[in-house]
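Content type mmCIF, N, CA and C atoms, from the file coords-v2.cif:
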```cif
data_start
#
loop_
_atom_site.label_atom_id
_atom_site.label_comp_id
_atom_site.auth_asym_id
_atom_site.auth_seq_id
_atom_site.Cartn_x
_atom_site.Cartn_y
_atom_site.Cartn_z
N MET A 19 214.16 99.26 2.06
CA MET A 19 214.85 100.54 2.27
C MET A 19 215.88 100.43 3.39
N LYS A 20 215.60 99.63 4.41
CA LYS A 20 216.56 99.47 5.50
C LYS A 20 217.86 98.86 5.00
N LEU A 21 217.77 97.91 4.08
CA LEU A 21 218.96 97.26 3.55
C LEU A 21 219.85 98.25 2.82
N VAL A 22 219.25 99.15 2.06
CA VAL A 22 220.03 100.17 1.35
C VAL A 22 220.77 101.05 2.36
N GLY A 23 220.11 101.44 3.42
CA GLY A 23 220.74 102.27 4.46
C GLY A 23 221.90 101.55 5.12
N ILE A 24 221.74 100.28 5.38
CA ILE A 24 222.81 99.48 5.99
C ILE A 24 224.00 99.37 5.04
N ILE A 25 223.71 99.17 3.76
CA ILE A 25 224.78 99.07 2.77
C ILE A 25 225.53 100.40 2.66
N VAL A 26 224.82 101.52 2.63
CA VAL A 26 225.45 102.84 2.54
C VAL A 26 226.34 103.07 3.76
N ILE A 27 225.84 102.77 4.94
CA ILE A 27 226.64 102.95 6.16
C ILE A 27 227.87 102.05 6.12
N GLY A 28 227.71 100.83 5.63
CA GLY A 28 228.84 99.91 5.51
C GLY A 28 229.91 100.43 4.57
N VAL A 29 229.47 100.97 3.44
CA VAL A 29 230.42 101.53 2.47
C VAL A 29 231.16 102.72 3.06
N ILE A 30 230.45 103.59 3.76
CA ILE A 30 231.07 104.76 4.38
C ILE A 30 232.08 104.32 5.44
N LEU A 31 231.71 103.37 6.27
CA LEU A 31 232.64 102.87 7.30
C LEU A 31 233.87 102.23 6.67
N ALA A 32 233.67 101.46 5.61
CA ALA A 32 234.80 100.82 4.93
C ALA A 32 235.74 101.88 4.36
N ALA A 33 235.19 102.95 3.79
CA ALA A 33 236.02 104.02 3.24
C ALA A 33 236.81 104.71 4.35
N ILE A 34 236.18 104.99 5.46
CA ILE A 34 236.86 105.63 6.59
C ILE A 34 237.98 104.74 7.11
N ILE A 35 237.69 103.47 7.27
CA ILE A 35 238.71 102.53 7.74
C ILE A 35 239.86 102.45 6.74
N GLY A 36 239.54 102.46 5.46
CA GLY A 36 240.58 102.44 4.43
C GLY A 36 241.47 103.67 4.50
N PHE A 37 240.88 104.84 4.67
CA PHE A 37 241.66 106.08 4.78
C PHE A 37 242.54 106.06 6.03
N ILE A 38 242.01 105.57 7.13
CA ILE A 38 242.80 105.49 8.37
C ILE A 38 243.99 104.55 8.17
N ALA A 39 243.75 103.40 7.53
CA ALA A 39 244.83 102.45 7.28
C ALA A 39 245.89 103.06 6.36
N LEU A 40 245.46 103.77 5.34
CA LEU A 40 246.40 104.41 4.41
C LEU A 40 247.21 105.49 5.12
N ALA A 41 246.56 106.26 5.99
CA ALA A 41 247.27 107.29 6.75
C ALA A 41 248.31 106.66 7.67
N GLN A 42 247.97 105.55 8.30
CA GLN A 42 248.92 104.85 9.15
C GLN A 42 250.11 104.34 8.34
N LYS A 43 249.83 103.81 7.16
CA LYS A 43 250.90 103.33 6.28
C LYS A 43 251.85 104.45 5.90
N SER A 44 251.31 105.66 5.71
CA SER A 44 252.15 106.79 5.29
C SER A 44 253.14 107.18 6.38
N LYS A 45 252.87 106.80 7.62
CA LYS A 45 253.75 107.16 8.73
C LYS A 45 255.00 106.29 8.78
N SER A 46 254.98 105.18 8.07
CA SER A 46 256.17 104.34 8.02
C SER A 46 257.01 104.76 6.82
N GLY A 47 258.25 104.42 6.85
CA GLY A 47 259.11 104.79 5.74
C GLY A 47 259.81 106.10 5.99
N ALA A 48 260.48 106.56 4.97
CA ALA A 48 261.26 107.79 5.07
C ALA A 48 261.32 108.43 3.69
N PRO A 49 261.63 109.72 3.64
CA PRO A 49 261.81 110.37 2.36
C PRO A 49 262.96 109.72 1.59
N PRO A 50 262.92 109.77 0.28
CA PRO A 50 263.97 109.11 -0.49
C PRO A 50 265.35 109.76 -0.38
N GLY A 51 265.42 111.04 -0.02
CA GLY A 51 266.71 111.71 0.07
C GLY A 51 267.33 111.92 -1.30
N LEU A 52 268.62 112.16 -1.31
CA LEU A 52 269.32 112.38 -2.57
C LEU A 52 269.64 111.03 -3.23
N VAL A 53 269.44 110.97 -4.53
CA VAL A 53 269.73 109.79 -5.33
C VAL A 53 270.72 110.23 -6.41
N ASP A 54 271.93 109.75 -6.30
CA ASP A 54 272.98 110.16 -7.24
C ASP A 54 273.14 111.68 -7.28
N GLY A 55 273.05 112.32 -6.11
CA GLY A 55 273.26 113.76 -6.01
C GLY A 55 272.07 114.63 -6.35
N ALA A 56 270.93 114.01 -6.68
CA ALA A 56 269.72 114.78 -7.04
C ALA A 56 268.55 114.30 -6.19
N LEU A 57 267.50 115.10 -6.16
CA LEU A 57 266.27 114.67 -5.50
C LEU A 57 265.64 113.54 -6.32
N ALA A 58 265.00 112.61 -5.65
CA ALA A 58 264.39 111.47 -6.33
C ALA A 58 263.35 111.93 -7.36
N GLN A 59 263.22 111.15 -8.39
CA GLN A 59 262.21 111.43 -9.40
C GLN A 59 260.81 111.22 -8.81
N CYS A 60 259.84 111.92 -9.35
CA CYS A 60 258.45 111.73 -8.94
C CYS A 60 257.92 110.42 -9.51
N PRO A 61 257.02 109.77 -8.77
CA PRO A 61 256.34 108.60 -9.34
C PRO A 61 255.37 109.04 -10.43
N SER A 62 254.72 108.12 -11.08
CA SER A 62 253.78 108.48 -12.15
C SER A 62 252.49 109.10 -11.60
N SER A 63 252.19 108.89 -10.33
CA SER A 63 250.97 109.44 -9.74
C SER A 63 251.06 110.96 -9.63
N PRO A 64 249.92 111.65 -9.61
CA PRO A 64 249.93 113.12 -9.61
C PRO A 64 250.12 113.76 -8.24
N ASN A 65 250.64 113.02 -7.26
CA ASN A 65 250.78 113.56 -5.91
C ASN A 65 252.21 113.98 -5.59
N CYS A 66 252.92 114.50 -6.58
CA CYS A 66 254.31 114.90 -6.41
C CYS A 66 254.63 116.05 -7.36
N VAL A 67 255.46 116.98 -6.88
CA VAL A 67 256.01 118.03 -7.73
C VAL A 67 257.51 118.10 -7.49
N SER A 68 258.24 118.49 -8.52
CA SER A 68 259.69 118.58 -8.41
C SER A 68 260.23 119.61 -9.40
N SER A 69 261.33 120.23 -9.00
CA SER A 69 261.99 121.17 -9.90
C SER A 69 263.29 120.59 -10.47
N GLU A 70 263.55 119.33 -10.20
CA GLU A 70 264.76 118.70 -10.75
C GLU A 70 264.66 118.64 -12.27
N PRO A 71 265.78 118.80 -12.95
CA PRO A 71 265.78 118.68 -14.42
C PRO A 71 265.26 117.31 -14.86
N GLY A 72 264.52 117.31 -15.96
CA GLY A 72 264.03 116.06 -16.53
C GLY A 72 262.70 115.58 -15.99
N VAL A 73 262.11 116.31 -15.06
CA VAL A 73 260.81 115.89 -14.52
C VAL A 73 259.72 116.13 -15.58
N SER A 74 258.70 115.29 -15.58
CA SER A 74 257.61 115.46 -16.55
C SER A 74 256.89 116.79 -16.31
N SER A 75 256.28 117.31 -17.34
CA SER A 75 255.62 118.61 -17.24
C SER A 75 254.49 118.61 -16.21
N SER A 76 253.83 117.47 -16.02
CA SER A 76 252.74 117.42 -15.04
C SER A 76 253.24 117.50 -13.60
N HIS A 77 254.50 117.19 -13.38
CA HIS A 77 255.09 117.25 -12.04
C HIS A 77 255.99 118.47 -11.84
N ALA A 78 256.26 119.18 -12.90
CA ALA A 78 257.25 120.27 -12.85
C ALA A 78 256.77 121.46 -12.04
N ILE A 79 257.71 122.02 -11.31
CA ILE A 79 257.49 123.25 -10.56
C ILE A 79 258.81 124.01 -10.59
N ALA A 80 258.77 125.31 -10.51
CA ALA A 80 260.00 126.11 -10.58
C ALA A 80 260.83 125.92 -9.32
N SER A 81 262.13 125.99 -9.49
CA SER A 81 263.03 125.93 -8.34
C SER A 81 262.93 127.25 -7.56
N LEU A 82 263.56 127.28 -6.41
CA LEU A 82 263.56 128.47 -5.57
C LEU A 82 264.89 129.21 -5.75
N PRO A 83 264.91 130.50 -5.47
CA PRO A 83 266.17 131.23 -5.59
C PRO A 83 267.15 130.79 -4.49
N LEU A 84 268.42 130.90 -4.75
CA LEU A 84 269.44 130.51 -3.79
C LEU A 84 269.29 131.27 -2.47
N SER A 85 268.78 132.49 -2.55
CA SER A 85 268.58 133.31 -1.35
C SER A 85 267.55 132.71 -0.39
N ALA A 86 266.77 131.76 -0.85
CA ALA A 86 265.75 131.12 0.01
C ALA A 86 266.35 130.15 1.01
N TRP A 87 267.53 129.64 0.74
CA TRP A 87 268.10 128.52 1.50
C TRP A 87 268.09 128.74 3.01
N ASP A 88 268.64 129.85 3.46
CA ASP A 88 268.74 130.09 4.90
C ASP A 88 267.40 130.33 5.57
N LYS A 89 266.40 130.74 4.82
CA LYS A 89 265.07 131.00 5.37
C LYS A 89 264.23 129.73 5.48
N LEU A 90 264.54 128.72 4.69
CA LEU A 90 263.67 127.55 4.58
C LEU A 90 263.42 126.81 5.90
N PRO A 91 264.42 126.52 6.72
CA PRO A 91 264.12 125.77 7.95
C PRO A 91 263.06 126.45 8.82
N ASP A 92 263.19 127.75 9.02
CA ASP A 92 262.20 128.46 9.84
C ASP A 92 260.84 128.50 9.16
N LEU A 93 260.82 128.73 7.85
CA LEU A 93 259.54 128.77 7.12
C LEU A 93 258.84 127.42 7.16
N ILE A 94 259.59 126.35 7.07
CA ILE A 94 259.00 125.01 7.15
C ILE A 94 258.33 124.82 8.51
N GLN A 95 259.05 125.17 9.57
CA GLN A 95 258.49 125.05 10.93
C GLN A 95 257.25 125.92 11.09
N GLU A 96 257.31 127.15 10.61
CA GLU A 96 256.17 128.07 10.71
C GLU A 96 254.97 127.58 9.92
N SER A 97 255.23 126.79 8.88
CA SER A 97 254.15 126.26 8.03
C SER A 97 253.59 124.94 8.55
N GLY A 98 254.10 124.49 9.68
CA GLY A 98 253.58 123.24 10.26
C GLY A 98 254.40 122.01 9.94
N GLY A 99 255.53 122.18 9.29
CA GLY A 99 256.38 121.05 8.95
C GLY A 99 257.42 120.79 10.04
N HIS A 100 258.12 119.68 9.87
CA HIS A 100 259.18 119.31 10.80
C HIS A 100 260.44 119.00 10.00
N VAL A 101 261.50 119.74 10.25
CA VAL A 101 262.78 119.50 9.59
C VAL A 101 263.47 118.36 10.31
N PHE A 102 263.81 117.31 9.58
CA PHE A 102 264.48 116.16 10.20
C PHE A 102 265.92 116.03 9.74
N SER A 103 266.29 116.72 8.66
CA SER A 103 267.66 116.66 8.17
C SER A 103 268.04 118.03 7.62
N LEU A 104 269.17 118.54 8.11
CA LEU A 104 269.65 119.85 7.67
C LEU A 104 271.15 119.73 7.44
N ARG A 105 271.51 119.73 6.17
CA ARG A 105 272.91 119.63 5.79
C ARG A 105 273.28 120.82 4.93
N ASN A 106 274.51 120.88 4.54
CA ASN A 106 275.00 121.99 3.72
C ASN A 106 274.26 122.10 2.39
N ASP A 107 273.86 120.96 1.81
CA ASP A 107 273.23 120.97 0.49
C ASP A 107 271.86 120.31 0.45
N TYR A 108 271.31 119.94 1.61
CA TYR A 108 270.05 119.18 1.64
C TYR A 108 269.25 119.53 2.88
N ILE A 109 267.95 119.74 2.67
CA ILE A 109 267.00 119.89 3.78
C ILE A 109 265.90 118.87 3.55
N GLY A 110 265.63 118.06 4.56
CA GLY A 110 264.53 117.11 4.50
C GLY A 110 263.50 117.47 5.55
N ALA A 111 262.24 117.47 5.17
CA ALA A 111 261.16 117.83 6.09
C ALA A 111 259.95 116.96 5.83
N VAL A 112 259.08 116.87 6.82
CA VAL A 112 257.81 116.17 6.66
C VAL A 112 256.69 117.09 7.11
N PHE A 113 255.56 116.94 6.45
CA PHE A 113 254.32 117.61 6.81
C PHE A 113 253.28 116.52 7.03
N VAL A 114 252.46 116.67 8.05
CA VAL A 114 251.41 115.70 8.35
C VAL A 114 250.07 116.42 8.25
N THR A 115 249.14 115.86 7.46
CA THR A 115 247.83 116.50 7.31
C THR A 115 247.09 116.45 8.64
N PRO A 116 246.39 117.52 8.98
CA PRO A 116 245.75 117.60 10.30
C PRO A 116 244.63 116.58 10.54
N LEU A 117 243.81 116.33 9.55
CA LEU A 117 242.64 115.49 9.79
C LEU A 117 242.96 114.00 9.86
N MET A 118 243.59 113.48 8.84
CA MET A 118 243.82 112.04 8.77
C MET A 118 245.25 111.63 9.09
N GLY A 119 246.17 112.57 9.13
CA GLY A 119 247.55 112.24 9.48
C GLY A 119 248.39 111.69 8.35
N PHE A 120 248.05 112.02 7.09
CA PHE A 120 248.87 111.59 5.96
C PHE A 120 250.20 112.33 5.98
N VAL A 121 251.29 111.64 5.65
CA VAL A 121 252.62 112.22 5.66
C VAL A 121 253.05 112.57 4.23
N ASP A 122 253.53 113.81 4.07
CA ASP A 122 254.12 114.28 2.82
C ASP A 122 255.58 114.62 3.09
N ASP A 123 256.45 114.24 2.17
CA ASP A 123 257.87 114.55 2.27
C ASP A 123 258.17 115.78 1.43
N VAL A 124 258.92 116.72 1.99
CA VAL A 124 259.33 117.91 1.26
C VAL A 124 260.85 117.99 1.42
N GLU A 125 261.53 118.01 0.27
CA GLU A 125 262.98 117.99 0.28
C GLU A 125 263.53 119.11 -0.60
N PHE A 126 264.71 119.60 -0.22
CA PHE A 126 265.34 120.69 -0.93
C PHE A 126 266.81 120.33 -1.16
N ARG A 127 267.32 120.66 -2.33
CA ARG A 127 268.72 120.45 -2.67
C ARG A 127 269.28 121.75 -3.22
N LYS A 128 270.41 122.16 -2.68
CA LYS A 128 271.03 123.42 -3.08
C LYS A 128 272.23 123.13 -3.98
N ASP A 129 272.35 123.91 -5.05
CA ASP A 129 273.59 123.91 -5.82
C ASP A 129 274.11 125.35 -5.84
N ASP A 130 274.99 125.66 -6.73
CA ASP A 130 275.61 126.99 -6.75
C ASP A 130 274.69 128.11 -7.23
N THR A 131 273.56 127.76 -7.86
CA THR A 131 272.73 128.80 -8.47
C THR A 131 271.28 128.82 -8.01
N GLN A 132 270.78 127.71 -7.45
CA GLN A 132 269.35 127.64 -7.10
C GLN A 132 269.08 126.56 -6.07
N VAL A 133 267.82 126.51 -5.63
CA VAL A 133 267.38 125.48 -4.69
C VAL A 133 266.31 124.65 -5.37
N TYR A 134 266.60 123.38 -5.55
CA TYR A 134 265.64 122.45 -6.14
C TYR A 134 264.72 121.96 -5.03
N VAL A 135 263.49 121.65 -5.38
CA VAL A 135 262.50 121.21 -4.40
C VAL A 135 261.75 120.00 -4.93
N ARG A 136 261.39 119.12 -4.01
CA ARG A 136 260.53 117.97 -4.32
C ARG A 136 259.55 117.83 -3.16
N SER A 137 258.27 117.78 -3.46
CA SER A 137 257.24 117.60 -2.44
C SER A 137 256.32 116.49 -2.92
N ALA A 138 256.18 115.45 -2.08
CA ALA A 138 255.43 114.27 -2.52
C ALA A 138 254.70 113.61 -1.36
N SER A 139 253.54 113.07 -1.66
CA SER A 139 252.80 112.26 -0.69
C SER A 139 253.44 110.88 -0.64
N ARG A 140 253.50 110.30 0.54
CA ARG A 140 254.09 108.96 0.68
C ARG A 140 253.18 107.87 0.16
N VAL A 141 251.89 108.07 0.26
CA VAL A 141 250.93 107.06 -0.18
C VAL A 141 249.82 107.70 -0.99
N GLY A 142 249.01 106.87 -1.60
CA GLY A 142 247.85 107.35 -2.33
C GLY A 142 248.18 107.74 -3.76
N HIS A 143 247.18 108.22 -4.42
CA HIS A 143 247.34 108.58 -5.83
C HIS A 143 247.27 110.10 -6.02
N SER A 144 246.18 110.70 -5.59
CA SER A 144 246.00 112.13 -5.77
C SER A 144 246.16 112.85 -4.44
N ASP A 145 246.68 114.05 -4.49
CA ASP A 145 246.78 114.89 -3.29
C ASP A 145 245.93 116.15 -3.41
N MET A 146 245.12 116.22 -4.46
CA MET A 146 244.27 117.38 -4.74
C MET A 146 245.09 118.67 -4.80
N GLY A 147 246.32 118.57 -5.30
CA GLY A 147 247.16 119.74 -5.47
C GLY A 147 247.87 120.22 -4.22
N ALA A 148 247.82 119.47 -3.13
CA ALA A 148 248.38 119.93 -1.85
C ALA A 148 249.88 120.17 -1.92
N ASN A 149 250.62 119.29 -2.59
CA ASN A 149 252.07 119.46 -2.64
C ASN A 149 252.46 120.69 -3.46
N ARG A 150 251.80 120.92 -4.57
CA ARG A 150 252.07 122.11 -5.38
C ARG A 150 251.73 123.37 -4.57
N LYS A 151 250.59 123.38 -3.90
CA LYS A 151 250.20 124.54 -3.09
C LYS A 151 251.21 124.80 -1.97
N ARG A 152 251.71 123.73 -1.35
CA ARG A 152 252.68 123.88 -0.27
C ARG A 152 253.96 124.56 -0.78
N VAL A 153 254.47 124.09 -1.91
CA VAL A 153 255.68 124.68 -2.46
C VAL A 153 255.45 126.14 -2.85
N GLU A 154 254.31 126.43 -3.44
CA GLU A 154 254.01 127.82 -3.83
C GLU A 154 253.86 128.72 -2.60
N ALA A 155 253.30 128.17 -1.51
CA ALA A 155 253.19 128.96 -0.27
C ALA A 155 254.58 129.24 0.31
N LEU A 156 255.47 128.25 0.26
CA LEU A 156 256.85 128.48 0.73
C LEU A 156 257.54 129.51 -0.16
N ARG A 157 257.31 129.42 -1.49
CA ARG A 157 257.89 130.39 -2.42
C ARG A 157 257.42 131.81 -2.08
N ALA A 158 256.14 131.97 -1.80
CA ALA A 158 255.61 133.29 -1.46
C ALA A 158 256.19 133.78 -0.14
N ALA A 159 256.34 132.89 0.83
CA ALA A 159 256.90 133.29 2.12
C ALA A 159 258.37 133.71 1.99
N VAL A 160 259.11 133.04 1.12
CA VAL A 160 260.51 133.39 0.89
C VAL A 160 260.61 134.80 0.30
N ALA A 161 259.67 135.14 -0.54
CA ALA A 161 259.68 136.43 -1.24
C ALA A 161 259.35 137.61 -0.31
N GLU A 162 258.75 137.33 0.83
CA GLU A 162 258.33 138.41 1.73
C GLU A 162 259.51 139.07 2.40
#
```

Rewritten as structure tokens:
Amino acid sequence: MKLVGIIVIGVILAAIIGFIALAQKSKSGAPPGLVDGALAQCPSSPNCVSSEPGVSSSHAIASLPLSAWDKLPDLIQESGGHVFSLRNDYIGAVFVTPLMGFVDDVEFRKDDTQVYVRSASRVGHSDMGANRKRVEALRAAVAE
């Protein structure tokens, strides 16, 4: 029975160390920014949402109204994010999860009629819906 307990503790420690390493890895790099004038496509993993045309249905999310643009920098800050790039047609921001420190990139692109959004985790496979929830929370805050 002692051996089973040691194995369980070892597995738990290995998982914790793995999550810490993955969180550290997410801190390196940068958001993809605009690619040929559009937000980058989502990877095949389910940890990304985007309103850019042509995105798969599993990653699709509605764009924001053009009226949201001027409110977004303050709403991002109020939601715990950090705006690192603010241009006439692009806002880049990062959010860091409180517990493990995973970094998510949230980007916005404005055209003449709407605001496109992309929210994605830098590492890992699943985000348990965090990016979709974040965009929907920003959408609700814009509507207030």

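Here the question is which of A:Ser144, A:Asn149, A:Asn106, A:Ser76 gets nearest to A:Lys128 using only N, CA and C atoms, and that residue is A:Asn106.
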
List every residue of stretch 31-150 of chain A that DSSP, applied to the backbone, labels as strand (DSSP E or B), and write the result as a ChimeraX atom specification. /A:52-53,56-57,66-68,78,82-83,100-104,108-114,121-128,132-139

Go through A:Leu82, A:Glu96, A:Asp107, A:Phe102 one by one, measure the shortest atom-to-atom distance of each to A:Gly55 using only C-alpha atoms, and give the residue with the smallest value. A:Asp107

Would you mind writing down, as a short mmCIF file (atom, residue, chain, number, x, y, z; two decimals) with N, CA and C atoms, in the coordinates of the input, each residue of chain A that DSSP on the backbone assigns to helix (DSSP H, G or I)?
```
data_model
loop_
_atom_site.label_atom_id
_atom_site.label_comp_id
_atom_site.auth_asym_id
_atom_site.auth_seq_id
_atom_site.Cartn_x
_atom_site.Cartn_y
_atom_site.Cartn_z
N LYS A 20 215.60 99.63 4.41
CA LYS A 20 216.56 99.47 5.50
C LYS A 20 217.86 98.86 5.00
N LEU A 21 217.77 97.91 4.08
CA LEU A 21 218.96 97.26 3.55
C LEU A 21 219.85 98.25 2.82
N VAL A 22 219.25 99.15 2.06
CA VAL A 22 220.03 100.17 1.35
C VAL A 22 220.77 101.05 2.36
N GLY A 23 220.11 101.44 3.42
CA GLY A 23 220.74 102.27 4.46
C GLY A 23 221.90 101.55 5.12
N ILE A 24 221.74 100.28 5.38
CA ILE A 24 222.81 99.48 5.99
C ILE A 24 224.00 99.37 5.04
N ILE A 25 223.71 99.17 3.76
CA ILE A 25 224.78 99.07 2.77
C ILE A 25 225.53 100.40 2.66
N VAL A 26 224.82 101.52 2.63
CA VAL A 26 225.45 102.84 2.54
C VAL A 26 226.34 103.07 3.76
N ILE A 27 225.84 102.77 4.94
CA ILE A 27 226.64 102.95 6.16
C ILE A 27 227.87 102.05 6.12
N GLY A 28 227.71 100.83 5.63
CA GLY A 28 228.84 99.91 5.51
C GLY A 28 229.91 100.43 4.57
N VAL A 29 229.47 100.97 3.44
CA VAL A 29 230.42 101.53 2.47
C VAL A 29 231.16 102.72 3.06
N ILE A 30 230.45 103.59 3.76
CA ILE A 30 231.07 104.76 4.38
C ILE A 30 232.08 104.32 5.44
N LEU A 31 231.71 103.37 6.27
CA LEU A 31 232.64 102.87 7.30
C LEU A 31 233.87 102.23 6.67
N ALA A 32 233.67 101.46 5.61
CA ALA A 32 234.80 100.82 4.93
C ALA A 32 235.74 101.88 4.36
N ALA A 33 235.19 102.95 3.79
CA ALA A 33 236.02 104.02 3.24
C ALA A 33 236.81 104.71 4.35
N ILE A 34 236.18 104.99 5.46
CA ILE A 34 236.86 105.63 6.59
C ILE A 34 237.98 104.74 7.11
N ILE A 35 237.69 103.47 7.27
CA ILE A 35 238.71 102.53 7.74
C ILE A 35 239.86 102.45 6.74
N GLY A 36 239.54 102.46 5.46
CA GLY A 36 240.58 102.44 4.43
C GLY A 36 241.47 103.67 4.50
N PHE A 37 240.88 104.84 4.67
CA PHE A 37 241.66 106.08 4.78
C PHE A 37 242.54 106.06 6.03
N ILE A 38 242.01 105.57 7.13
CA ILE A 38 242.80 105.49 8.37
C ILE A 38 243.99 104.55 8.17
N ALA A 39 243.75 103.40 7.53
CA ALA A 39 244.83 102.45 7.28
C ALA A 39 245.89 103.06 6.36
N LEU A 40 245.46 103.77 5.34
CA LEU A 40 246.40 104.41 4.41
C LEU A 40 247.21 105.49 5.12
N ALA A 41 246.56 106.26 5.99
CA ALA A 41 247.27 107.29 6.75
C ALA A 41 248.31 106.66 7.67
N GLN A 42 247.97 105.55 8.30
CA GLN A 42 248.92 104.85 9.15
C GLN A 42 250.11 104.34 8.34
N LYS A 43 249.83 103.81 7.16
CA LYS A 43 250.90 103.33 6.28
C LYS A 43 251.85 104.45 5.90
N SER A 44 251.31 105.66 5.71
CA SER A 44 252.15 106.79 5.29
C SER A 44 253.14 107.18 6.38
N LEU A 84 268.42 130.90 -4.75
CA LEU A 84 269.44 130.51 -3.79
C LEU A 84 269.29 131.27 -2.47
N SER A 85 268.78 132.49 -2.55
CA SER A 85 268.58 133.31 -1.35
C SER A 85 267.55 132.71 -0.39
N ALA A 86 266.77 131.76 -0.85
CA ALA A 86 265.75 131.12 0.01
C ALA A 86 266.35 130.15 1.01
N TRP A 87 267.53 129.64 0.74
CA TRP A 87 268.10 128.52 1.50
C TRP A 87 268.09 128.74 3.01
N ASP A 88 268.64 129.85 3.46
CA ASP A 88 268.74 130.09 4.90
C ASP A 88 267.40 130.33 5.57
N LYS A 89 266.40 130.74 4.82
CA LYS A 89 265.07 131.00 5.37
C LYS A 89 264.23 129.73 5.48
N LEU A 90 264.54 128.72 4.69
CA LEU A 90 263.67 127.55 4.58
C LEU A 90 263.42 126.81 5.90
N PRO A 91 264.42 126.52 6.72
CA PRO A 91 264.12 125.77 7.95
C PRO A 91 263.06 126.45 8.82
N ASP A 92 263.19 127.75 9.02
CA ASP A 92 262.20 128.46 9.84
C ASP A 92 260.84 128.50 9.16
N LEU A 93 260.82 128.73 7.85
CA LEU A 93 259.54 128.77 7.12
C LEU A 93 258.84 127.42 7.16
N ILE A 94 259.59 126.35 7.07
CA ILE A 94 259.00 125.01 7.15
C ILE A 94 258.33 124.82 8.51
N GLN A 95 259.05 125.17 9.57
CA GLN A 95 258.49 125.05 10.93
C GLN A 95 257.25 125.92 11.09
N GLU A 96 257.31 127.15 10.61
CA GLU A 96 256.17 128.07 10.71
C GLU A 96 254.97 127.58 9.92
N ALA A 148 247.82 119.47 -3.13
CA ALA A 148 248.38 119.93 -1.85
C ALA A 148 249.88 120.17 -1.92
N ASN A 149 250.62 119.29 -2.59
CA ASN A 149 252.07 119.46 -2.64
C ASN A 149 252.46 120.69 -3.46
N ARG A 150 251.80 120.92 -4.57
CA ARG A 150 252.07 122.11 -5.38
C ARG A 150 251.73 123.37 -4.57
N LYS A 151 250.59 123.38 -3.90
CA LYS A 151 250.20 124.54 -3.09
C LYS A 151 251.21 124.80 -1.97
N ARG A 152 251.71 123.73 -1.35
CA ARG A 152 252.68 123.88 -0.27
C ARG A 152 253.96 124.56 -0.78
N VAL A 153 254.47 124.09 -1.91
CA VAL A 153 255.68 124.68 -2.46
C VAL A 153 255.45 126.14 -2.85
N GLU A 154 254.31 126.43 -3.44
CA GLU A 154 254.01 127.82 -3.83
C GLU A 154 253.86 128.72 -2.60
N ALA A 155 253.30 128.17 -1.51
CA ALA A 155 253.19 128.96 -0.27
C ALA A 155 254.58 129.24 0.31
N LEU A 156 255.47 128.25 0.26
CA LEU A 156 256.85 128.48 0.73
C LEU A 156 257.54 129.51 -0.16
N ARG A 157 257.31 129.42 -1.49
CA ARG A 157 257.89 130.39 -2.42
C ARG A 157 257.42 131.81 -2.08
N ALA A 158 256.14 131.97 -1.80
CA ALA A 158 255.61 133.29 -1.46
C ALA A 158 256.19 133.78 -0.14
N ALA A 159 256.34 132.89 0.83
CA ALA A 159 256.90 133.29 2.12
C ALA A 159 258.37 133.71 1.99
N VAL A 160 259.11 133.04 1.12
CA VAL A 160 260.51 133.39 0.89
C VAL A 160 260.61 134.80 0.30
N ALA A 161 259.67 135.14 -0.54
CA ALA A 161 259.68 136.43 -1.24
C ALA A 161 259.35 137.61 -0.31
#
```

As a check of understanding, name the residues that the PyMOL selection byres ((chain A and resi 109) around 6) selects in the supplied structure, as an MDAnalysis selection string. chainID A and resid 103:105 107:108 110:111 124:127

Given the file shown, determine the residues that the PyMOL selection byres ((chain A and resi 84-90) around 5) selects; report them as a PyMOL selection string. chain A and resi 82-83+91-94+131-133

Could you spell out the hits of the PyMOL selection byres ((chain A and resi 138-143) around 7) on the shown file, as a PyMOL selection string? chain A and resi 40+43-44+63-67+120-125+136-137+144-146+149

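Relative to atom CA of A:Glu162, atom N of A:Cys60 is found at 28.8 Å.
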
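We find atom C of A:Gly51 and atom C of A:Gly72 to be spaced 15.8 Å apart.
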
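Going from atom C of A:Val114 to atom N of A:Lys151 covers 14.0 Å.
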
Looking at all atoms listed in the file, which of A:Ser74, A:Val101, A:Ala48, A:Ser81 is the one that sits closest to A:Arg157? A:Ser81
